[in-house]
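Text of the file work_27.cif, holding mmCIF, C-alpha atoms and all ligand atoms:
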```cif
data_run
loop_
_atom_site.label_atom_id
_atom_site.label_comp_id
_atom_site.auth_asym_id
_atom_site.auth_seq_id
_atom_site.Cartn_x
_atom_site.Cartn_y
_atom_site.Cartn_z
CA MET A 27 -12.12 13.24 8.05
CA TYR A 28 -9.76 15.69 6.31
CA PRO A 29 -9.02 15.69 3.42
CA TYR A 30 -12.24 13.76 2.83
CA ALA A 31 -15.64 15.03 3.88
CA GLU A 32 -16.57 14.82 7.55
CA GLY A 33 -17.21 11.27 8.73
CA LEU A 34 -15.55 9.54 5.74
CA TRP A 35 -12.39 7.55 6.33
CA ALA A 36 -11.81 4.28 4.42
CA ALA A 37 -13.51 1.83 2.06
CA ARG A 38 -14.08 -1.67 3.36
CA ASN A 39 -15.32 -3.72 0.41
CA GLN A 40 -11.89 -3.73 -1.23
CA TRP A 41 -8.67 -5.72 -1.37
CA TYR A 42 -5.75 -4.33 0.64
CA VAL A 43 -2.16 -5.47 0.96
CA ALA A 44 -1.93 -6.80 4.53
CA GLY A 45 1.77 -7.64 4.63
CA TRP A 46 4.59 -9.81 3.34
CA SER A 47 4.06 -13.54 2.89
CA ASN A 48 7.16 -14.35 4.92
CA GLU A 49 5.63 -12.67 7.99
CA VAL A 50 2.94 -15.35 8.33
CA THR A 51 3.89 -18.69 9.88
CA ARG A 52 2.24 -21.27 12.14
CA THR A 53 2.69 -18.81 15.03
CA PRO A 54 -0.12 -16.21 15.15
CA MET A 55 0.75 -12.68 13.96
CA GLU A 56 -1.43 -9.63 14.67
CA ARG A 57 -1.88 -6.61 12.45
CA TRP A 58 -4.39 -3.77 12.85
CA LEU A 59 -6.25 -3.19 9.59
CA LEU A 60 -9.23 -0.90 8.97
CA ASP A 61 -9.36 -0.14 12.70
CA GLU A 62 -9.57 -3.82 13.72
CA PRO A 63 -7.08 -6.28 15.13
CA VAL A 64 -6.63 -9.16 12.70
CA VAL A 65 -4.73 -12.33 13.54
CA PHE A 66 -2.96 -14.32 10.82
CA TYR A 67 -1.48 -17.81 10.79
CA ARG A 68 -0.91 -20.61 8.31
CA LYS A 69 -2.96 -23.80 8.12
CA GLU A 70 -1.27 -27.18 7.95
CA ASP A 71 -1.53 -27.02 4.15
CA GLY A 72 0.31 -23.65 4.16
CA ARG A 73 -2.63 -21.42 3.30
CA ILE A 74 -3.14 -18.22 5.32
CA VAL A 75 -6.03 -17.83 7.76
CA ALA A 76 -7.16 -14.32 8.79
CA LEU A 77 -9.48 -13.98 11.79
CA HIS A 78 -10.70 -11.07 13.87
CA GLY A 79 -8.08 -10.71 16.59
CA ARG A 80 -10.17 -10.09 19.72
CA CYS A 81 -11.70 -13.04 21.55
CA PRO A 82 -15.48 -12.62 21.89
CA HIS A 83 -15.38 -14.15 25.39
CA ARG A 84 -13.46 -11.48 27.33
CA GLN A 85 -11.70 -9.53 24.54
CA TYR A 86 -8.32 -11.20 25.01
CA PRO A 87 -5.88 -10.77 22.09
CA LEU A 88 -6.07 -13.93 20.01
CA VAL A 89 -2.52 -13.34 18.79
CA LYS A 90 -1.48 -14.84 22.12
CA GLY A 91 -3.42 -18.00 21.25
CA ASN A 92 -2.24 -21.44 20.16
CA VAL A 93 -2.63 -22.86 16.67
CA ILE A 94 -3.84 -26.45 17.01
CA GLY A 95 -4.21 -28.21 13.67
CA ASP A 96 -5.98 -25.53 11.63
CA SER A 97 -7.80 -23.99 14.62
CA LEU A 98 -6.92 -21.16 16.99
CA GLU A 99 -7.31 -21.68 20.73
CA CYS A 100 -7.55 -18.57 22.93
CA SER A 101 -4.86 -18.85 25.58
CA TYR A 102 -6.97 -17.20 28.30
CA HIS A 103 -9.91 -19.67 28.80
CA GLY A 104 -9.55 -22.01 25.85
CA PHE A 105 -12.36 -20.96 23.52
CA THR A 106 -11.36 -22.40 20.13
CA PHE A 107 -12.19 -21.12 16.65
CA GLY A 108 -12.11 -22.78 13.24
CA THR A 109 -10.82 -21.20 10.05
CA ASP A 110 -14.33 -19.92 9.30
CA GLY A 111 -14.39 -18.08 12.65
CA ALA A 112 -17.00 -20.36 14.26
CA CYS A 113 -16.35 -21.37 17.86
CA THR A 114 -15.78 -25.12 18.11
CA ARG A 115 -14.99 -25.47 21.80
CA ILE A 116 -15.98 -23.78 25.07
CA PRO A 117 -14.19 -25.73 27.80
CA THR A 118 -16.77 -25.00 30.53
CA GLN A 119 -19.85 -26.16 28.60
CA ALA A 120 -20.94 -28.64 25.97
CA ASN A 121 -23.33 -26.30 24.20
CA ILE A 122 -21.71 -23.94 21.70
CA PRO A 123 -24.08 -21.19 20.58
CA SER A 124 -23.82 -20.40 16.87
CA SER A 125 -23.54 -16.73 17.81
CA CYS A 126 -20.15 -17.42 19.36
CA ARG A 127 -17.93 -16.63 16.40
CA ILE A 128 -15.44 -14.15 15.04
CA ALA A 129 -15.08 -12.74 11.54
CA ALA A 130 -12.95 -14.69 9.06
CA TYR A 131 -11.51 -12.72 6.14
CA PRO A 132 -10.62 -13.84 2.60
CA VAL A 133 -6.89 -13.70 1.88
CA ALA A 134 -5.01 -13.99 -1.42
CA GLU A 135 -1.24 -14.39 -1.74
CA ARG A 136 0.37 -12.71 -4.73
CA TRP A 137 4.14 -12.52 -5.27
CA ASN A 138 5.74 -11.74 -1.85
CA TRP A 139 2.73 -10.14 -0.25
CA PHE A 140 -0.76 -11.14 0.84
CA TRP A 141 -3.99 -9.25 0.33
CA ILE A 142 -7.04 -9.17 2.58
CA TRP A 143 -10.72 -8.39 1.97
CA MET A 144 -12.43 -7.13 5.14
CA GLY A 145 -15.82 -6.26 3.63
CA ASP A 146 -18.63 -8.59 2.58
CA PRO A 147 -16.88 -11.93 1.81
CA ALA A 148 -19.42 -12.65 -0.94
CA LEU A 149 -17.94 -9.73 -2.92
CA ALA A 150 -14.29 -10.79 -2.53
CA ASP A 151 -13.47 -11.44 -6.19
CA GLU A 152 -9.71 -12.11 -6.55
CA ALA A 153 -9.88 -10.85 -10.13
CA LEU A 154 -10.13 -7.34 -8.63
CA ILE A 155 -6.52 -7.57 -7.39
CA PRO A 156 -4.19 -5.80 -9.84
CA ASP A 157 -2.39 -8.20 -12.19
CA HIS A 158 1.09 -8.75 -10.75
CA ASP A 159 2.57 -9.62 -14.14
CA ALA A 160 1.35 -6.30 -15.51
CA LEU A 161 2.75 -4.56 -12.44
CA LYS A 162 6.14 -6.16 -13.31
CA LEU A 163 6.35 -7.90 -9.96
CA THR A 164 6.19 -11.38 -11.48
CA ALA A 165 6.95 -10.63 -15.14
CA PRO A 166 9.83 -12.51 -16.82
CA GLY A 167 12.98 -10.41 -17.23
CA TRP A 168 12.22 -8.27 -14.18
CA LEU A 169 13.79 -8.40 -10.73
CA ALA A 170 11.35 -7.55 -7.91
CA VAL A 171 12.68 -6.59 -4.49
CA GLN A 172 10.87 -6.40 -1.15
CA ALA A 173 12.07 -2.96 -0.05
CA ALA A 174 10.48 -1.44 3.06
CA THR A 175 7.80 -1.67 5.72
CA HIS A 176 6.63 1.32 7.74
CA LEU A 177 3.82 1.94 10.18
CA LEU A 178 3.13 5.59 9.48
CA LYS A 179 1.79 7.85 12.18
CA THR A 180 -0.71 9.36 9.81
CA ARG A 181 -4.13 8.76 8.30
CA HIS A 182 -3.86 6.90 4.99
CA GLN A 183 -5.31 9.77 2.94
CA LEU A 184 -2.19 11.88 3.36
CA MET A 185 0.10 9.23 1.89
CA HIS A 186 -2.22 8.69 -1.08
CA GLU A 187 -2.14 12.37 -1.90
CA ASN A 188 1.63 12.49 -1.44
CA LEU A 189 1.94 9.76 -4.05
CA CYS A 190 -0.54 11.40 -6.42
CA ASP A 191 1.35 14.68 -6.70
CA LEU A 192 4.81 14.10 -8.13
CA SER A 193 5.67 17.83 -8.03
CA HIS A 194 6.86 17.17 -4.47
CA LEU A 195 9.83 15.19 -5.87
CA THR A 196 11.56 18.44 -6.80
CA PHE A 197 11.46 19.82 -3.28
CA LEU A 198 11.31 16.82 -0.95
CA HIS A 199 13.76 14.58 -2.82
CA PRO A 200 16.26 16.91 -4.51
CA GLY A 201 19.49 15.38 -5.72
CA ILE A 202 18.18 11.81 -5.66
CA ILE A 203 15.05 11.45 -7.80
CA GLY A 204 13.85 15.06 -7.86
CA VAL A 205 14.97 17.70 -10.34
CA ASP A 206 13.41 21.09 -11.19
CA ASP A 207 11.68 19.76 -14.29
CA VAL A 208 9.51 17.26 -12.39
CA ALA A 209 7.45 20.11 -10.92
CA ALA A 210 7.74 22.31 -14.02
CA THR A 211 6.70 19.73 -16.63
CA GLU A 212 3.09 19.51 -17.82
CA PHE A 213 1.43 16.16 -17.25
CA GLU A 214 -1.65 14.36 -18.45
CA VAL A 215 -4.14 12.54 -16.27
CA GLN A 216 -6.42 9.74 -17.37
CA GLY A 217 -8.76 7.36 -15.59
CA GLU A 218 -11.80 7.41 -13.39
CA GLY A 219 -13.42 5.33 -10.65
CA LEU A 220 -10.85 2.90 -9.28
CA TRP A 221 -7.94 3.67 -11.60
CA PHE A 222 -5.97 6.82 -12.41
CA ARG A 223 -2.73 7.46 -14.24
CA ASP A 224 -0.71 10.57 -14.85
CA GLU A 225 2.40 10.81 -16.94
CA ARG A 226 5.03 13.33 -17.91
CA ALA A 227 8.10 13.24 -20.13
CA MET A 228 11.31 15.12 -19.37
CA TYR A 229 13.90 15.41 -22.07
CA ASN A 230 17.59 16.10 -22.12
CA GLN A 231 18.09 15.71 -18.38
CA GLU A 232 21.50 15.60 -16.79
CA PRO A 233 21.33 12.32 -14.89
CA THR A 234 21.76 12.78 -11.15
CA GLY A 235 24.50 10.69 -9.53
CA PHE A 236 21.86 8.11 -8.59
CA PHE A 237 20.62 7.55 -12.13
CA SER A 238 24.15 7.58 -13.58
CA ASP A 239 25.20 4.96 -11.05
CA ILE A 240 22.34 2.54 -11.60
CA LEU A 241 22.14 2.91 -15.38
CA GLY A 242 25.89 3.02 -15.92
CA TYR A 243 25.28 5.95 -18.30
CA HIS A 244 26.61 9.45 -17.81
CA LYS A 245 25.21 11.47 -20.73
CA PRO A 246 21.86 13.31 -20.90
CA ILE A 247 18.77 11.13 -20.65
CA ASP A 248 15.05 11.34 -21.38
CA ARG A 249 12.80 10.31 -18.48
CA LEU A 250 9.26 9.03 -19.07
CA MET A 251 7.60 9.11 -15.69
CA SER A 252 4.13 7.90 -14.74
CA MET A 253 2.11 7.28 -11.62
CA GLU A 254 -0.83 4.91 -11.47
CA PHE A 255 -3.21 4.41 -8.58
CA PHE A 256 -5.30 1.27 -8.24
CA LEU A 257 -7.75 2.45 -5.60
CA PRO A 258 -7.85 2.18 -2.69
CA CYS A 259 -4.45 0.63 -1.93
CA LEU A 260 -1.77 0.34 -4.59
CA HIS A 261 0.29 3.06 -6.29
CA LEU A 262 2.64 2.20 -9.13
CA ALA A 263 5.39 4.65 -10.02
CA ALA A 264 7.11 3.90 -13.33
CA GLU A 265 10.11 5.38 -15.05
CA VAL A 266 11.57 4.55 -18.44
CA PHE A 267 15.04 5.94 -19.13
CA LEU A 268 16.15 6.63 -22.70
CA ALA A 269 19.43 7.92 -24.05
CA HIS A 270 18.87 11.47 -25.28
CA GLU A 271 20.16 10.74 -28.72
CA LYS A 272 17.24 11.06 -31.12
CA ARG A 273 18.03 9.89 -34.63
CA ASP A 274 15.64 10.49 -37.55
CA GLY A 275 12.99 11.61 -35.08
CA GLU A 276 13.05 8.26 -33.29
CA PRO A 277 13.46 8.12 -29.52
CA GLY A 278 16.87 7.17 -28.17
CA ARG A 279 17.60 3.63 -27.09
CA GLU A 280 16.08 2.45 -23.83
CA LEU A 281 18.57 2.25 -20.99
CA GLY A 282 16.23 0.61 -18.52
CA SER A 283 13.01 0.91 -16.62
CA TYR A 284 11.86 0.53 -13.05
CA ARG A 285 8.64 0.41 -11.06
CA VAL A 286 8.07 1.32 -7.43
CA HIS A 287 5.08 -0.37 -5.82
CA HIS A 288 3.59 1.52 -2.89
CA ALA A 289 0.90 -0.34 -0.92
CA VAL A 290 -0.91 1.97 1.49
CA THR A 291 -3.31 0.24 3.90
CA PRO A 292 -5.27 1.87 6.72
CA ALA A 293 -4.32 0.49 10.14
CA THR A 294 -6.24 2.77 12.49
CA GLN A 295 -7.69 6.20 11.83
CA ASN A 296 -4.28 7.79 12.48
CA GLU A 297 -1.92 4.99 11.51
CA THR A 298 -1.18 3.53 8.10
CA HIS A 299 0.77 0.54 6.87
CA TYR A 300 3.18 1.27 4.06
CA PHE A 301 4.66 -1.70 2.19
CA VAL A 302 7.07 -0.81 -0.60
CA ALA A 303 8.61 -2.97 -3.31
CA TYR A 304 10.40 -2.13 -6.53
CA SER A 305 11.23 -3.93 -9.73
CA ARG A 306 13.58 -3.26 -12.64
CA ASP A 307 14.42 -4.70 -16.02
CA PHE A 308 18.10 -3.70 -16.17
CA ALA A 309 21.20 -4.99 -14.39
CA ILE A 310 19.00 -7.60 -12.74
CA ASP A 311 22.00 -9.82 -11.97
CA ASP A 312 24.05 -7.00 -10.46
CA PRO A 313 23.78 -6.89 -6.64
CA ARG A 314 25.71 -3.61 -6.61
CA VAL A 315 22.82 -1.90 -8.44
CA THR A 316 20.34 -3.44 -5.98
CA GLU A 317 22.42 -2.05 -3.12
CA ILE A 318 22.53 1.47 -4.63
CA ILE A 319 18.76 1.48 -5.23
CA ASN A 320 18.08 0.13 -1.73
CA GLY A 321 20.13 2.93 -0.18
CA ALA A 322 18.64 5.72 -2.30
CA PHE A 323 15.05 4.53 -1.90
CA ALA A 324 15.44 4.14 1.86
CA ALA A 325 16.42 7.81 2.04
CA VAL A 326 13.59 8.90 -0.28
CA LEU A 327 10.98 6.88 1.60
CA GLN A 328 12.12 8.33 4.92
CA GLN A 329 11.65 11.84 3.48
CA ASP A 330 8.08 10.91 2.51
CA VAL A 331 7.42 9.31 5.90
CA ASP A 332 8.69 12.43 7.69
CA ALA A 333 6.55 14.67 5.47
CA VAL A 334 3.24 12.88 5.93
CA GLU A 335 3.84 12.45 9.67
CA ALA A 336 4.56 16.19 9.93
CA LEU A 337 1.27 16.83 8.12
CA GLU A 338 -0.62 14.58 10.51
CA ALA A 339 0.97 16.27 13.54
CA MET A 340 -0.02 19.68 12.12
CA LEU A 341 -3.61 18.55 11.62
CA GLN A 342 -3.90 17.08 15.09
CA LYS A 343 -2.40 20.13 16.79
CA SER A 344 -4.78 22.28 14.80
CA GLY A 345 -7.77 20.41 16.16
CA ASP A 346 -8.27 18.25 13.06
CA ARG A 347 -10.69 20.66 11.40
CA GLN A 348 -11.99 20.55 7.83
CA PHE A 349 -9.41 22.81 6.14
CA LYS A 350 -10.02 24.25 2.71
CA ASP A 351 -6.88 23.59 0.65
CA PHE A 352 -5.59 26.21 -1.77
CA LEU A 353 -5.33 23.83 -4.69
CA ALA A 354 -3.01 24.41 -7.65
CA LYS A 355 -2.81 23.01 -11.18
CA GLY A 356 -0.42 20.28 -10.06
CA ASP A 357 -3.05 18.93 -7.66
CA ILE A 358 -5.39 17.74 -10.38
CA THR A 359 -4.61 14.03 -9.88
CA SER A 360 -4.94 14.34 -6.11
CA VAL A 361 -8.27 16.12 -6.47
CA LYS A 362 -9.65 13.48 -8.85
CA VAL A 363 -8.46 10.72 -6.53
CA ARG A 364 -9.85 12.49 -3.47
CA ARG A 365 -13.28 12.71 -5.08
CA SER A 366 -13.13 9.09 -6.21
CA MET A 367 -12.11 7.82 -2.78
CA GLU A 368 -14.86 9.85 -1.16
CA ALA A 369 -17.43 8.41 -3.58
CA LEU A 370 -16.16 4.90 -2.92
CA ILE A 371 -16.34 5.31 0.86
CA ARG A 372 -19.68 7.08 0.69
CA SER A 373 -21.12 4.25 -1.41
CA GLU A 374 -20.55 1.90 1.51
CA GLN A 375 -22.15 4.34 3.94
CA ILE A 376 -20.06 3.26 6.90
CA PRO A 377 -19.52 6.34 9.05
CA VAL A 378 -16.32 6.60 11.08
CA ALA A 379 -18.21 6.33 14.38
CA ASN A 380 -19.52 2.87 13.43
CA LEU A 381 -16.10 1.61 12.42
CA THR A 382 -14.79 2.13 15.93
CA ALA A 383 -17.88 0.79 17.72
S1 LIG B 1 -10.92 -14.31 26.61
FE1 LIG B 1 -10.66 -15.82 25.13
S2 LIG B 1 -11.35 -17.62 26.07
FE2 LIG B 1 -11.69 -16.06 27.55
FE FE B 2 8.02 11.21 -2.30
#
```
Take the structure in the file and write it out as structure tokens.
Ligand code: FES
Ligand SMILES: [Fe+2]
Amino acid sequence: MYPYAEGLWAARNQWYVAGWSNEVTRTPMERWLLDEPVVFYRKEDGRIVALHGRCPHRQYPLVKGNVIGDSLECSYHGFTFGTDGACTRIPTQANIPSSCRIAAYPVAERWNWFWIWMGDPALADEALIPDHDALKLTAPGWLAVQAATHLLKTRHQLMHENLCDLSHLTFLHPGIIGVDDVAATEFEVQGEGLWFRDERAMYNQEPTGFFSDILGYHKPIDRLMSMEFFLPCLHLAAEVFLAHEKRDGEPGRELGSYRVHHAVTPATQNETHYFVAYSRDFAIDDPRVTEIINGAFAAVLQQDVDAVEALEAMLQKSGDRQFKDFLAKGDITSVKVRRSMEALIRSEQIPVANLTA
């Protein structure tokens, strides 16, 4: 499936951000993930349960069910399922075949969001989830903000590649976070497999109104910008702002730093969840700065949403063929990531057709 090879769509044996912790209560909540309905609710002890969301009896949506104790009762004919997905009650018969069950998925809560593993549960090692202290979501001295939730009308691949090519900032986000030098500056890429990082440094930049406002600094700045991707879900954009006032060859003083956390999770083959948070280490007690960043990022994110949805519409109108991209130097991170994602998906050998069966 473009831009991956024919038949390749998403990796399953991986952790994905499934949503925000405050979305899950004792009332069932449904979310489509990896082309499946999944129903979430909290047990009496507060921990999250994730079960396949379609009743095996007559395919009724289990999100309409009732949570009783820690179990979920289908509200059509009363079949009841435990937290491990096994059926524990069929009201019209005493015998409960062991084959009457639904999938139960491992879940891990980190900071304000929860992650799900929809592949082989035996492989669900929580140590594979990126360290939230290192991400600066839970690190001391940083303020982390739950920023946005979108259900994108696009395949997930297009958002990954949007986030892997920062040259688009210059043209899609001018005047807010994009300036000419973002596209024009050389960058370095490192990483392989499930982790990539590219970085660029831009010196002596006139701060846009946005940066002046949040940093409270109106003279030229140096911007150290990087983008990391923890495949297959989480992108971390980082910026460090320095005063452009080198003395004795030393960099200028640091004015502040922020991170933008982009979680991109496949919903269906043409829909993608997009959960965005950001964190910063400056003016963390100033709600005015939070308000400015919220407003600016909402506008930037909408520009990205519009762009990837326009791409998806173009692909679908064109008959969703395998196009050959005319790739440029600035696409190097996207190309590396594309190859890595393809290899990851291919290693699981789950063709698209089987995912929808
Ligand atoms: S459809 Fe769920 S019990 Fe019948
Ligand atoms: Fe963007």
(Q) List as JSON, numbers by chain the protein and nucleic acid residues lying within 10 Å of ligand FE 2 (chain B), with only C-alpha atoms and all ligand atoms counted. (A) {"A": [185, 188, 189, 190, 191, 192, 193, 194, 195, 196, 197, 198, 199, 203, 204, 323, 326, 327, 328, 329, 330, 331, 333, 334]}
Q) Can I get the residues close to ligand LIG 1 (chain B) as a PyMOL selection string, where close means within 10 Å and we count only C-alpha atoms and all ligand atoms? A) chain A and resi 80-88+90-91+99-106+115-117
Identify, on the basis of all atoms listed in the file, every residue whose closest approach to Val286 (chain A) does not exceed 8 Å; exclude the query and any residue fewer than 4 positions from it along the same chain; express the result as a short mmCIF file (atom, residue, chain, number, x, y, z; two decimals) with C-alpha atoms, in the coordinates of the input.
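Below you can see selection_15.cif, which holds the result:
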```cif
data_model
loop_
_atom_site.label_atom_id
_atom_site.label_comp_id
_atom_site.auth_asym_id
_atom_site.auth_seq_id
_atom_site.Cartn_x
_atom_site.Cartn_y
_atom_site.Cartn_z
CA LEU A 262 2.64 2.20 -9.13
CA ALA A 263 5.39 4.65 -10.02
CA ALA A 264 7.11 3.90 -13.33
CA VAL A 302 7.07 -0.81 -0.60
CA ALA A 303 8.61 -2.97 -3.31
CA TYR A 304 10.40 -2.13 -6.53
CA SER A 305 11.23 -3.93 -9.73
#
```
Q.
Excluding Lys179 (chain A) and its own-chain neighbours fewer than 6 positions away, which residues fall within 9 Å of it when counting all atoms listed in the file? Please give them as a PyMOL selection string.
A. chain A and resi 296-298+331+334-335+338-339
Q: Name the residues in contact with Val50 (chain A) at a cut-off of 10 Å, using all atoms listed in the file, excluding same-chain residues fewer than 5 positions from it; report them as a list in words.
A: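 So, after excluding close chain neighbours, the residues are Gly45, Met55, Glu56, Val65, Phe66, Tyr67, Arg68, Gly72, Arg73, Ile74, Val75 and Phe140 of chain A.
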Q | Ala44 (chain A) environment, 10 Å, only C-alpha atoms, sequence neighbours closer than 4 positions dropped, as a ChimeraX atom specification | A | /A:57-59,64,66,133-135,139-143,289-293,299-301
(Q) Within 9 Å of (12.6, 19.9, -16.8) in the file's own coordinates, which protein, DNA or RNA residues have an atom, counting all atoms listed in the file? List them as a PyMOL selection string. (A) chain A and resi 205-211+227-231
**Q.** Selected residue of minimal separation from Glu218 (chain A) among A:Ala165, A:Ala129, A:Ala369, A:Ile155, counting only C-alpha atoms
**A.**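 The answer is A:Ala369, which sits nearest to Glu218 (chain A).
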Q | Residue contacts of Glu265 (chain A) (6 Å, all atoms listed in the file) excluding same-chain residues fewer than 5 positions away, as a ChimeraX atom specification | A | /A:250-251,283-284
Q: Quick one: residues within 12 Å of (18.7, 7.4, -26.1) (file frame), counting all atoms listed in the file, please, as a list in words.
A: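 So the residues meeting the distance criterion are Tyr229, Asn230, Gln231, Tyr243, His244, Lys245, Pro246, Ile247, Asp248, Arg249, Leu250, Val266, Phe267, Leu268, Ala269, His270, Glu271, Lys272, Arg273, Gly275, Glu276, Pro277, Gly278, Arg279, Glu280, Leu281 and Gly282 of chain A.
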Limited to C-alpha atoms, could you put the picked residues into a file as a PDB file, keeping the file's coordinate frame?
```pdb
ATOM      1  CA  TYR A 229      13.900  15.410 -22.070  1.00  0.00           C
ATOM      2  CA  ASN A 230      17.590  16.100 -22.120  1.00  0.00           C
ATOM      3  CA  GLN A 231      18.090  15.710 -18.380  1.00  0.00           C
ATOM      4  CA  TYR A 243      25.280   5.950 -18.300  1.00  0.00           C
ATOM      5  CA  HIS A 244      26.610   9.450 -17.810  1.00  0.00           C
ATOM      6  CA  LYS A 245      25.210  11.470 -20.730  1.00  0.00           C
ATOM      7  CA  PRO A 246      21.860  13.310 -20.900  1.00  0.00           C
ATOM      8  CA  ILE A 247      18.770  11.130 -20.650  1.00  0.00           C
ATOM      9  CA  ASP A 248      15.050  11.340 -21.380  1.00  0.00           C
ATOM     10  CA  ARG A 249      12.800  10.310 -18.480  1.00  0.00           C
ATOM     11  CA  LEU A 250       9.260   9.030 -19.070  1.00  0.00           C
ATOM     12  CA  VAL A 266      11.570   4.550 -18.440  1.00  0.00           C
ATOM     13  CA  PHE A 267      15.040   5.940 -19.130  1.00  0.00           C
ATOM     14  CA  LEU A 268      16.150   6.630 -22.700  1.00  0.00           C
ATOM     15  CA  ALA A 269      19.430   7.920 -24.050  1.00  0.00           C
ATOM     16  CA  HIS A 270      18.870  11.470 -25.280  1.00  0.00           C
ATOM     17  CA  GLU A 271      20.160  10.740 -28.720  1.00  0.00           C
ATOM     18  CA  LYS A 272      17.240  11.060 -31.120  1.00  0.00           C
ATOM     19  CA  ARG A 273      18.030   9.890 -34.630  1.00  0.00           C
ATOM     20  CA  GLY A 275      12.990  11.610 -35.080  1.00  0.00           C
ATOM     21  CA  GLU A 276      13.050   8.260 -33.290  1.00  0.00           C
ATOM     22  CA  PRO A 277      13.460   8.120 -29.520  1.00  0.00           C
ATOM     23  CA  GLY A 278      16.870   7.170 -28.170  1.00  0.00           C
ATOM     24  CA  ARG A 279      17.600   3.630 -27.090  1.00  0.00           C
ATOM     25  CA  GLU A 280      16.080   2.450 -23.830  1.00  0.00           C
ATOM     26  CA  LEU A 281      18.570   2.250 -20.990  1.00  0.00           C
ATOM     27  CA  GLY A 282      16.230   0.610 -18.520  1.00  0.00           C
TER      28      GLY A 282
END
```
Q: Mind giving me the straight-line distance from CA of Pro313 (chain A) to CA of Phe255 (chain A) in Å, one decimal?
A: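 Between CA of Pro313 (chain A) and CA of Phe255 (chain A) the gap works out to 29.3 Å.
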Q: May I ask for the distance between CA of Pro132 (chain A) and CA of Leu220 (chain A), given in Å to one decimal place?
A: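 Distance reported for this atom pair: 20.5 Å.
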